[in-house]
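What follows is a short report on a single structure.
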Amino acid sequence: MLRINIICIGKIKEKYFTDAIAEYTKRLSAFCKLSIIELSEERIKSNSPNSAQIEEVILAEGKRIAQKIGASDYVAAMCIEGKMLSSEELARTLDNVAVVGKSTVDFVIGGSYGLSDEIKKRADLRLSMSKMTFPHQLARVILCEQIYRAFEISTNGKYHK
């Protein structure tokens with residue numbers, strides 16, 4: 001069974017988001033082993049940080065993210081400059097990961113300032129959800145839903161119409 005990790009910066013506080021993620025986690029248990037790995041946000045003391053402070057945060061978060069990625073994992077970095085896939089294309093991507101012998105897929109969601117170049121370079125896929133901007137908490141819900149939808153597509157389930 002495929003293992004899927006969602007490695008993300010920050011914790012979700014809103015119950016309606018945690019409830020939605022819990023529901024998709026339950027549904028996904030039939031298809032994969034899903035883990036959500038939440039890493040703490042780096043703090044900036046300034047209300048208006050300069051570019052050096054922001055880069056320091058991105059690098060620190062990137063190092064902690066890198067520690068959670070296995071050497072043979074397939075990595076999908078969620079970033080605005082990434083490729084936009086349809087639900088069917090995501091399903092084919094996950095199917096192909098399993099076919100080439102990968103057992104773990106890591107979806108990485110960075111902090112509010114983005115992902116480090118180190119993580120983007122390590123990624124097998126740079127993935128964008130949309131040209132629109134979403135709160136990180138909502139992005140997790142959307143990602144869980146799309147992963148579930150991808151498995152439903154691959155198994156000819158009724159969820160995807």
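Letters A, B, ... go to the chains of the structure tokens in the order shown; residues in each chain start at 1; ligands are counted from 1 in the same order.
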
Mind dumping a table of every region 76-102 of chain A residue within 8 Å of region 149-158 of chain A, with the nearest atom pair and its distance in Å to one decimal, using only C-alpha atoms, sorted by chain and rising number, as a tab-separated table?
residue	atom	partner	partner_atom	distance
A:Ser87	CA	A:Ala150	CA	6.1
A:Glu88	CA	A:Ala150	CA	6.6
A:Leu90	CA	A:Ala150	CA	6.1
A:Ala91	CA	A:Ala150	CA	4.1
A:Arg92	CA	A:Ser154	CA	7.5
A:Leu94	CA	A:Ala150	CA	7.7
A:Asp95	CA	A:Ser154	CA	7.4

Please list as a PDB file with N, CA, C and O atoms, in the first residue's frame every residue within 12 Å of Lys11 (chain A), counting only C-alpha atoms and excluding residues in the same chain fewer than 3 positions away.
ATOM      1  N   ILE A   7       3.689  16.865   4.307  1.00  0.00           N
ATOM      2  CA  ILE A   7       4.642  17.537   5.197  1.00  0.00           C
ATOM      3  C   ILE A   7       4.359  19.028   5.078  1.00  0.00           C
ATOM      4  O   ILE A   7       4.432  19.588   3.985  1.00  0.00           O
ATOM      5  N   CYS A   8       4.014  19.655   6.188  1.00  0.00           N
ATOM      6  CA  CYS A   8       3.579  21.044   6.115  1.00  0.00           C
ATOM      7  C   CYS A   8       4.087  21.857   7.305  1.00  0.00           C
ATOM      8  O   CYS A   8       4.389  21.319   8.359  1.00  0.00           O
ATOM      9  N   GLU A  14      -8.437  25.688  13.261  1.00  0.00           N
ATOM     10  CA  GLU A  14      -9.874  25.732  13.030  1.00  0.00           C
ATOM     11  C   GLU A  14     -10.460  24.328  12.969  1.00  0.00           C
ATOM     12  O   GLU A  14     -10.028  23.500  12.179  1.00  0.00           O
ATOM     13  N   LYS A  15     -11.493  24.093  13.774  1.00  0.00           N
ATOM     14  CA  LYS A  15     -12.110  22.774  13.867  1.00  0.00           C
ATOM     15  C   LYS A  15     -12.700  22.320  12.530  1.00  0.00           C
ATOM     16  O   LYS A  15     -12.607  21.148  12.177  1.00  0.00           O
ATOM     17  N   PHE A  17     -11.645  22.857   9.560  1.00  0.00           N
ATOM     18  CA  PHE A  17     -10.580  22.332   8.698  1.00  0.00           C
ATOM     19  C   PHE A  17     -10.092  20.981   9.208  1.00  0.00           C
ATOM     20  O   PHE A  17      -9.892  20.051   8.425  1.00  0.00           O
ATOM     21  N   THR A  18      -9.890  20.867  10.520  1.00  0.00           N
ATOM     22  CA  THR A  18      -9.422  19.585  11.067  1.00  0.00           C
ATOM     23  C   THR A  18     -10.469  18.495  10.857  1.00  0.00           C
ATOM     24  O   THR A  18     -10.119  17.348  10.591  1.00  0.00           O
ATOM     25  N   ILE A  36      -0.006  13.130   8.187  1.00  0.00           N
ATOM     26  CA  ILE A  36       0.175  14.572   8.078  1.00  0.00           C
ATOM     27  C   ILE A  36       1.226  14.954   9.109  1.00  0.00           C
ATOM     28  O   ILE A  36       1.051  14.715  10.305  1.00  0.00           O
ATOM     29  N   ILE A  37       2.325  15.486   8.606  1.00  0.00           N
ATOM     30  CA  ILE A  37       3.464  15.840   9.455  1.00  0.00           C
ATOM     31  C   ILE A  37       3.524  17.360   9.542  1.00  0.00           C
ATOM     32  O   ILE A  37       3.857  18.027   8.569  1.00  0.00           O
ATOM     33  N   GLU A  38       3.143  17.881  10.682  1.00  0.00           N
ATOM     34  CA  GLU A  38       3.123  19.329  10.892  1.00  0.00           C
ATOM     35  C   GLU A  38       4.409  19.767  11.585  1.00  0.00           C
ATOM     36  O   GLU A  38       4.746  19.249  12.653  1.00  0.00           O
ATOM     37  N   LEU A  39       5.096  20.702  10.986  1.00  0.00           N
ATOM     38  CA  LEU A  39       6.321  21.260  11.550  1.00  0.00           C
ATOM     39  C   LEU A  39       6.046  22.701  11.979  1.00  0.00           C
ATOM     40  O   LEU A  39       5.289  23.409  11.305  1.00  0.00           O
ATOM     41  N   SER A  40       6.659  23.126  13.045  1.00  0.00           N
ATOM     42  CA  SER A  40       6.370  24.472  13.550  1.00  0.00           C
ATOM     43  C   SER A  40       6.915  25.550  12.621  1.00  0.00           C
ATOM     44  O   SER A  40       7.914  25.359  11.935  1.00  0.00           O
ATOM     45  N   GLU A  41       6.202  26.671  12.611  1.00  0.00           N
ATOM     46  CA  GLU A  41       6.614  27.837  11.831  1.00  0.00           C
ATOM     47  C   GLU A  41       7.802  28.511  12.487  1.00  0.00           C
ATOM     48  O   GLU A  41       7.886  28.569  13.715  1.00  0.00           O
ATOM     49  N   ILE A 109       4.052  21.257   1.737  1.00  0.00           N
ATOM     50  CA  ILE A 109       3.460  22.592   1.754  1.00  0.00           C
ATOM     51  C   ILE A 109       4.325  23.446   2.664  1.00  0.00           C
ATOM     52  O   ILE A 109       4.445  23.172   3.858  1.00  0.00           O
ATOM     53  N   GLY A 110       4.932  24.459   2.108  1.00  0.00           N
ATOM     54  CA  GLY A 110       5.825  25.325   2.874  1.00  0.00           C
ATOM     55  C   GLY A 110       5.067  26.293   3.766  1.00  0.00           C
ATOM     56  O   GLY A 110       3.845  26.278   3.848  1.00  0.00           O
ATOM     57  N   GLY A 111       5.818  27.149   4.411  1.00  0.00           N
ATOM     58  CA  GLY A 111       5.247  28.169   5.273  1.00  0.00           C
ATOM     59  C   GLY A 111       4.724  29.348   4.470  1.00  0.00           C
ATOM     60  O   GLY A 111       4.684  29.324   3.236  1.00  0.00           O
ATOM     61  N   HIS A 136      -3.001  28.422   3.919  1.00  0.00           N
ATOM     62  CA  HIS A 136      -2.330  27.123   4.038  1.00  0.00           C
ATOM     63  C   HIS A 136      -3.252  26.049   4.610  1.00  0.00           C
ATOM     64  O   HIS A 136      -3.191  24.897   4.205  1.00  0.00           O
ATOM     65  N   GLN A 137      -4.104  26.429   5.544  1.00  0.00           N
ATOM     66  CA  GLN A 137      -5.011  25.455   6.153  1.00  0.00           C
ATOM     67  C   GLN A 137      -5.980  24.900   5.106  1.00  0.00           C
ATOM     68  O   GLN A 137      -6.223  23.698   5.044  1.00  0.00           O
ATOM     69  N   LEU A 138      -6.516  25.782   4.275  1.00  0.00           N
ATOM     70  CA  LEU A 138      -7.447  25.346   3.237  1.00  0.00           C
ATOM     71  C   LEU A 138      -6.713  24.534   2.174  1.00  0.00           C
ATOM     72  O   LEU A 138      -7.256  23.564   1.644  1.00  0.00           O
ATOM     73  N   ARG A 140      -4.400  22.440   2.618  1.00  0.00           N
ATOM     74  CA  ARG A 140      -4.304  21.061   3.105  1.00  0.00           C
ATOM     75  C   ARG A 140      -5.587  20.292   2.861  1.00  0.00           C
ATOM     76  O   ARG A 140      -5.567  19.126   2.476  1.00  0.00           O
TER      77      ARG A 140
END

Within region 1-159 of chain A, find each residue whose DSSP state, derived from the backbone, is strand (DSSP E or B), and express the selection as a ChimeraX atom specification.
/A:2-9,32-39,74-84,104-109,111,114,125-128

Report, in Å with one decimal, the straight-line distance from CA of Ile65 (chain A) to CA of Leu143 (chain A).
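Separation between CA of Ile65 (chain A) and CA of Leu143 (chain A): 17.7 Å.
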
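For the pair CA of Ser103 (chain A) and CA of Arg3 (chain A), the separation is 6.1 Å.
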
Can you tell me, as a ChimeraX atom specification, what residues are no more than 12 Å from Ser112 (chain A) when counting only C-alpha atoms, ignoring any on the same chain fewer than 2 positions away?
/A:8-10,40-44,54-55,57-58,61,79-80,109-110,114-116,133-137,139

Pull the helix (DSSP H, G or I) assignments for chain A out of DSSP run on the backbone, and list those residues as a short mmCIF file (atom, residue, chain, number, x, y, z; two decimals) with N, CA, C and O atoms, in the first residue's frame.
data_model
loop_
_atom_site.label_atom_id
_atom_site.label_comp_id
_atom_site.auth_asym_id
_atom_site.auth_seq_id
_atom_site.Cartn_x
_atom_site.Cartn_y
_atom_site.Cartn_z
N LYS A 15 -11.49 24.09 13.77
CA LYS A 15 -12.11 22.77 13.87
C LYS A 15 -12.70 22.32 12.53
O LYS A 15 -12.61 21.15 12.18
N TYR A 16 -13.29 23.23 11.77
CA TYR A 16 -13.91 22.84 10.51
C TYR A 16 -12.87 22.33 9.51
O TYR A 16 -13.15 21.45 8.71
N PHE A 17 -11.65 22.86 9.56
CA PHE A 17 -10.58 22.33 8.70
C PHE A 17 -10.09 20.98 9.21
O PHE A 17 -9.89 20.05 8.43
N THR A 18 -9.89 20.87 10.52
CA THR A 18 -9.42 19.58 11.07
C THR A 18 -10.47 18.49 10.86
O THR A 18 -10.12 17.35 10.59
N ASP A 19 -11.75 18.84 10.95
CA ASP A 19 -12.81 17.86 10.70
C ASP A 19 -12.80 17.39 9.24
O ASP A 19 -12.95 16.20 8.96
N ALA A 20 -12.61 18.32 8.32
CA ALA A 20 -12.56 17.96 6.90
C ALA A 20 -11.36 17.05 6.62
O ALA A 20 -11.49 16.04 5.91
N ILE A 21 -10.21 17.40 7.17
CA ILE A 21 -9.01 16.58 6.97
C ILE A 21 -9.20 15.19 7.59
O ILE A 21 -8.82 14.18 6.98
N ALA A 22 -9.83 15.14 8.75
CA ALA A 22 -10.08 13.84 9.40
C ALA A 22 -10.99 12.97 8.54
O ALA A 22 -10.78 11.76 8.43
N GLU A 23 -11.98 13.58 7.91
CA GLU A 23 -12.90 12.83 7.04
C GLU A 23 -12.15 12.25 5.83
O GLU A 23 -12.30 11.07 5.49
N TYR A 24 -11.32 13.06 5.19
CA TYR A 24 -10.57 12.56 4.03
C TYR A 24 -9.50 11.54 4.46
O TYR A 24 -9.25 10.58 3.74
N THR A 25 -8.93 11.72 5.62
CA THR A 25 -7.97 10.74 6.15
C THR A 25 -8.65 9.39 6.32
O THR A 25 -8.09 8.34 5.96
N LYS A 26 -9.86 9.41 6.87
CA LYS A 26 -10.63 8.17 7.05
C LYS A 26 -10.93 7.53 5.70
O LYS A 26 -10.72 6.33 5.52
N ARG A 27 -11.39 8.32 4.74
CA ARG A 27 -11.71 7.79 3.42
C ARG A 27 -10.47 7.23 2.72
O ARG A 27 -10.54 6.21 2.03
N LEU A 28 -9.34 7.90 2.90
CA LEU A 28 -8.11 7.48 2.23
C LEU A 28 -7.53 6.19 2.82
O LEU A 28 -6.72 5.54 2.16
N SER A 51 14.18 41.09 3.38
CA SER A 51 14.38 39.90 2.55
C SER A 51 15.36 38.91 3.18
O SER A 51 15.19 37.70 3.03
N ALA A 52 16.36 39.39 3.90
CA ALA A 52 17.32 38.49 4.56
C ALA A 52 16.63 37.69 5.67
O ALA A 52 16.89 36.49 5.83
N GLN A 53 15.75 38.33 6.42
CA GLN A 53 15.03 37.63 7.48
C GLN A 53 14.08 36.58 6.90
O GLN A 53 13.98 35.47 7.42
N ILE A 54 13.43 36.93 5.82
CA ILE A 54 12.52 35.99 5.16
C ILE A 54 13.29 34.80 4.61
O ILE A 54 12.89 33.65 4.79
N GLU A 55 14.43 35.05 3.99
CA GLU A 55 15.26 33.97 3.46
C GLU A 55 15.74 33.05 4.58
O GLU A 55 15.78 31.82 4.41
N GLU A 56 16.07 33.62 5.71
CA GLU A 56 16.51 32.83 6.87
C GLU A 56 15.39 31.89 7.33
O GLU A 56 15.63 30.72 7.64
N VAL A 57 14.16 32.39 7.34
CA VAL A 57 13.00 31.57 7.73
C VAL A 57 12.80 30.44 6.73
O VAL A 57 12.63 29.27 7.10
N ILE A 58 12.83 30.77 5.45
CA ILE A 58 12.63 29.76 4.39
C ILE A 58 13.69 28.67 4.48
O ILE A 58 13.39 27.48 4.38
N LEU A 59 14.94 29.06 4.71
CA LEU A 59 16.03 28.07 4.82
C LEU A 59 15.86 27.18 6.04
O LEU A 59 16.04 25.96 5.95
N ALA A 60 15.52 27.77 7.17
CA ALA A 60 15.35 27.00 8.41
C ALA A 60 14.20 26.00 8.26
O ALA A 60 14.32 24.83 8.66
N GLU A 61 13.08 26.46 7.71
CA GLU A 61 11.96 25.55 7.51
C GLU A 61 12.31 24.47 6.50
O GLU A 61 11.96 23.30 6.69
N GLY A 62 13.04 24.84 5.46
CA GLY A 62 13.46 23.87 4.45
C GLY A 62 14.34 22.77 5.03
O GLY A 62 14.19 21.60 4.66
N LYS A 63 15.22 23.12 5.94
CA LYS A 63 16.08 22.10 6.57
C LYS A 63 15.25 21.11 7.38
O LYS A 63 15.51 19.91 7.35
N ARG A 64 14.26 21.62 8.09
CA ARG A 64 13.42 20.73 8.89
C ARG A 64 12.53 19.86 8.00
O ARG A 64 12.30 18.69 8.30
N ILE A 65 12.06 20.42 6.90
CA ILE A 65 11.28 19.63 5.93
C ILE A 65 12.15 18.52 5.35
O ILE A 65 11.73 17.37 5.27
N ALA A 66 13.37 18.87 4.94
CA ALA A 66 14.28 17.89 4.32
C ALA A 66 14.53 16.69 5.23
O ALA A 66 14.69 15.56 4.75
N SER A 87 -7.40 16.61 -12.06
CA SER A 87 -7.55 15.50 -11.12
C SER A 87 -7.15 14.18 -11.76
O SER A 87 -6.51 13.34 -11.13
N GLU A 88 -7.49 14.02 -13.05
CA GLU A 88 -7.12 12.80 -13.76
C GLU A 88 -5.60 12.68 -13.92
O GLU A 88 -5.03 11.59 -13.80
N GLU A 89 -4.95 13.80 -14.17
CA GLU A 89 -3.48 13.80 -14.30
C GLU A 89 -2.82 13.48 -12.96
O GLU A 89 -1.81 12.76 -12.92
N LEU A 90 -3.38 13.98 -11.87
CA LEU A 90 -2.84 13.63 -10.55
C LEU A 90 -3.01 12.15 -10.29
O LEU A 90 -2.10 11.49 -9.78
N ALA A 91 -4.15 11.60 -10.66
CA ALA A 91 -4.39 10.16 -10.50
C ALA A 91 -3.35 9.36 -11.27
O ALA A 91 -2.77 8.39 -10.74
N ARG A 92 -3.08 9.74 -12.53
CA ARG A 92 -2.07 9.04 -13.33
C ARG A 92 -0.68 9.18 -12.71
O ARG A 92 0.11 8.23 -12.72
N THR A 93 -0.39 10.36 -12.16
CA THR A 93 0.91 10.58 -11.52
C THR A 93 1.08 9.63 -10.33
O THR A 93 2.13 8.98 -10.20
N LEU A 94 0.07 9.52 -9.49
CA LEU A 94 0.16 8.61 -8.34
C LEU A 94 0.24 7.16 -8.79
O LEU A 94 0.98 6.36 -8.21
N ASP A 95 -0.51 6.81 -9.83
CA ASP A 95 -0.41 5.45 -10.38
C ASP A 95 1.00 5.16 -10.86
O ASP A 95 1.56 4.09 -10.60
N ASN A 96 1.60 6.11 -11.57
CA ASN A 96 2.95 5.93 -12.12
C ASN A 96 4.00 5.82 -11.03
O ASN A 96 4.97 5.08 -11.17
N VAL A 97 3.82 6.55 -9.94
CA VAL A 97 4.76 6.47 -8.82
C VAL A 97 4.82 5.04 -8.30
O VAL A 97 5.90 4.49 -8.07
N ALA A 98 3.67 4.42 -8.15
CA ALA A 98 3.62 3.04 -7.67
C ALA A 98 4.23 2.08 -8.68
O ALA A 98 4.95 1.15 -8.32
N VAL A 99 3.99 2.33 -9.97
CA VAL A 99 4.51 1.45 -11.03
C VAL A 99 6.04 1.45 -11.07
O VAL A 99 6.66 0.41 -11.28
N ASP A 117 14.65 26.69 -1.98
CA ASP A 117 15.12 26.17 -3.26
C ASP A 117 15.61 24.74 -3.11
O ASP A 117 15.48 23.93 -4.03
N GLU A 118 16.17 24.40 -1.95
CA GLU A 118 16.65 23.04 -1.69
C GLU A 118 15.51 22.03 -1.84
O GLU A 118 15.66 20.99 -2.48
N ILE A 119 14.36 22.35 -1.28
CA ILE A 119 13.22 21.44 -1.37
C ILE A 119 12.69 21.40 -2.80
O ILE A 119 12.36 20.34 -3.33
N LYS A 120 12.62 22.54 -3.45
CA LYS A 120 12.13 22.58 -4.83
C LYS A 120 13.05 21.77 -5.76
O LYS A 120 12.58 21.08 -6.66
N LYS A 121 14.36 21.85 -5.52
CA LYS A 121 15.31 21.08 -6.35
C LYS A 121 15.18 19.58 -6.09
O LYS A 121 15.36 18.77 -6.99
N ARG A 122 14.89 19.21 -4.85
CA ARG A 122 14.72 17.80 -4.48
C ARG A 122 13.44 17.21 -5.06
O ARG A 122 13.31 16.01 -5.27
N HIS A 136 -3.00 28.42 3.92
CA HIS A 136 -2.33 27.12 4.04
C HIS A 136 -3.25 26.05 4.61
O HIS A 136 -3.19 24.90 4.20
N GLN A 137 -4.10 26.43 5.54
CA GLN A 137 -5.01 25.46 6.15
C GLN A 137 -5.98 24.90 5.11
O GLN A 137 -6.22 23.70 5.04
N LEU A 138 -6.52 25.78 4.28
CA LEU A 138 -7.45 25.35 3.24
C LEU A 138 -6.71 24.53 2.17
O LEU A 138 -7.26 23.56 1.64
N ALA A 139 -5.49 24.89 1.88
CA ALA A 139 -4.70 24.14 0.90
C ALA A 139 -4.56 22.68 1.33
O ALA A 139 -4.62 21.77 0.50
N ARG A 140 -4.40 22.44 2.62
CA ARG A 140 -4.30 21.06 3.11
C ARG A 140 -5.59 20.29 2.86
O ARG A 140 -5.57 19.13 2.48
N VAL A 141 -6.71 20.94 3.12
CA VAL A 141 -8.01 20.30 2.88
C VAL A 141 -8.16 19.98 1.40
O VAL A 141 -8.53 18.86 1.02
N ILE A 142 -7.87 20.95 0.55
CA ILE A 142 -7.99 20.75 -0.89
C ILE A 142 -7.06 19.62 -1.35
O ILE A 142 -7.46 18.76 -2.14
N LEU A 143 -5.84 19.60 -0.85
CA LEU A 143 -4.89 18.55 -1.23
C LEU A 143 -5.41 17.18 -0.80
O LEU A 143 -5.37 16.23 -1.59
N CYS A 144 -5.91 17.06 0.42
CA CYS A 144 -6.46 15.78 0.88
C CYS A 144 -7.61 15.33 -0.02
O CYS A 144 -7.70 14.16 -0.40
N GLU A 145 -8.48 16.27 -0.36
CA GLU A 145 -9.61 15.94 -1.22
C GLU A 145 -9.13 15.48 -2.59
O GLU A 145 -9.63 14.51 -3.15
N GLN A 146 -8.14 16.16 -3.15
CA GLN A 146 -7.65 15.80 -4.48
C GLN A 146 -6.91 14.45 -4.47
O GLN A 146 -7.00 13.69 -5.44
N ILE A 147 -6.22 14.15 -3.39
CA ILE A 147 -5.58 12.83 -3.28
C ILE A 147 -6.66 11.75 -3.23
O ILE A 147 -6.57 10.72 -3.91
N TYR A 148 -7.69 11.98 -2.44
CA TYR A 148 -8.81 11.03 -2.37
C TYR A 148 -9.46 10.87 -3.75
O TYR A 148 -9.70 9.76 -4.22
N ARG A 149 -9.71 11.99 -4.41
CA ARG A 149 -10.32 11.96 -5.74
C ARG A 149 -9.44 11.17 -6.71
O ARG A 149 -9.93 10.39 -7.52
N ALA A 150 -8.13 11.36 -6.63
CA ALA A 150 -7.19 10.65 -7.51
C ALA A 150 -7.32 9.14 -7.33
O ALA A 150 -7.36 8.39 -8.32
N PHE A 151 -7.40 8.68 -6.09
CA PHE A 151 -7.56 7.25 -5.85
C PHE A 151 -8.92 6.75 -6.35
O PHE A 151 -9.02 5.65 -6.90
N GLU A 152 -9.95 7.55 -6.17
CA GLU A 152 -11.27 7.17 -6.68
C GLU A 152 -11.26 7.07 -8.21
O GLU A 152 -11.86 6.15 -8.77
N ILE A 153 -10.57 7.98 -8.87
CA ILE A 153 -10.44 7.93 -10.32
C ILE A 153 -9.72 6.65 -10.73
O ILE A 153 -10.15 5.94 -11.63
N SER A 154 -8.62 6.36 -10.06
CA SER A 154 -7.80 5.19 -10.41
C SER A 154 -8.54 3.86 -10.21
O SER A 154 -8.24 2.88 -10.89
#

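Across A:Pro49, A:Ser86, A:Gly101, A:His160, the tightest approach to Tyr113 (chain A) is made by A:Pro49 when counting only C-alpha atoms.
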
Kindly indicate which residue among A:Arg126, A:Met1, A:Val105, A:Ser35 lies nearest to Leu85 (chain A), using only C-alpha atoms for the distances.
A:Arg126

Nearest residue to Ser128 (chain A) from the set A:Ile12, A:Ile4, A:Val108, A:Ile69 (distances using only C-alpha atoms)
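For Ser128 (chain A), the nearest of the given residues is A:Val108.
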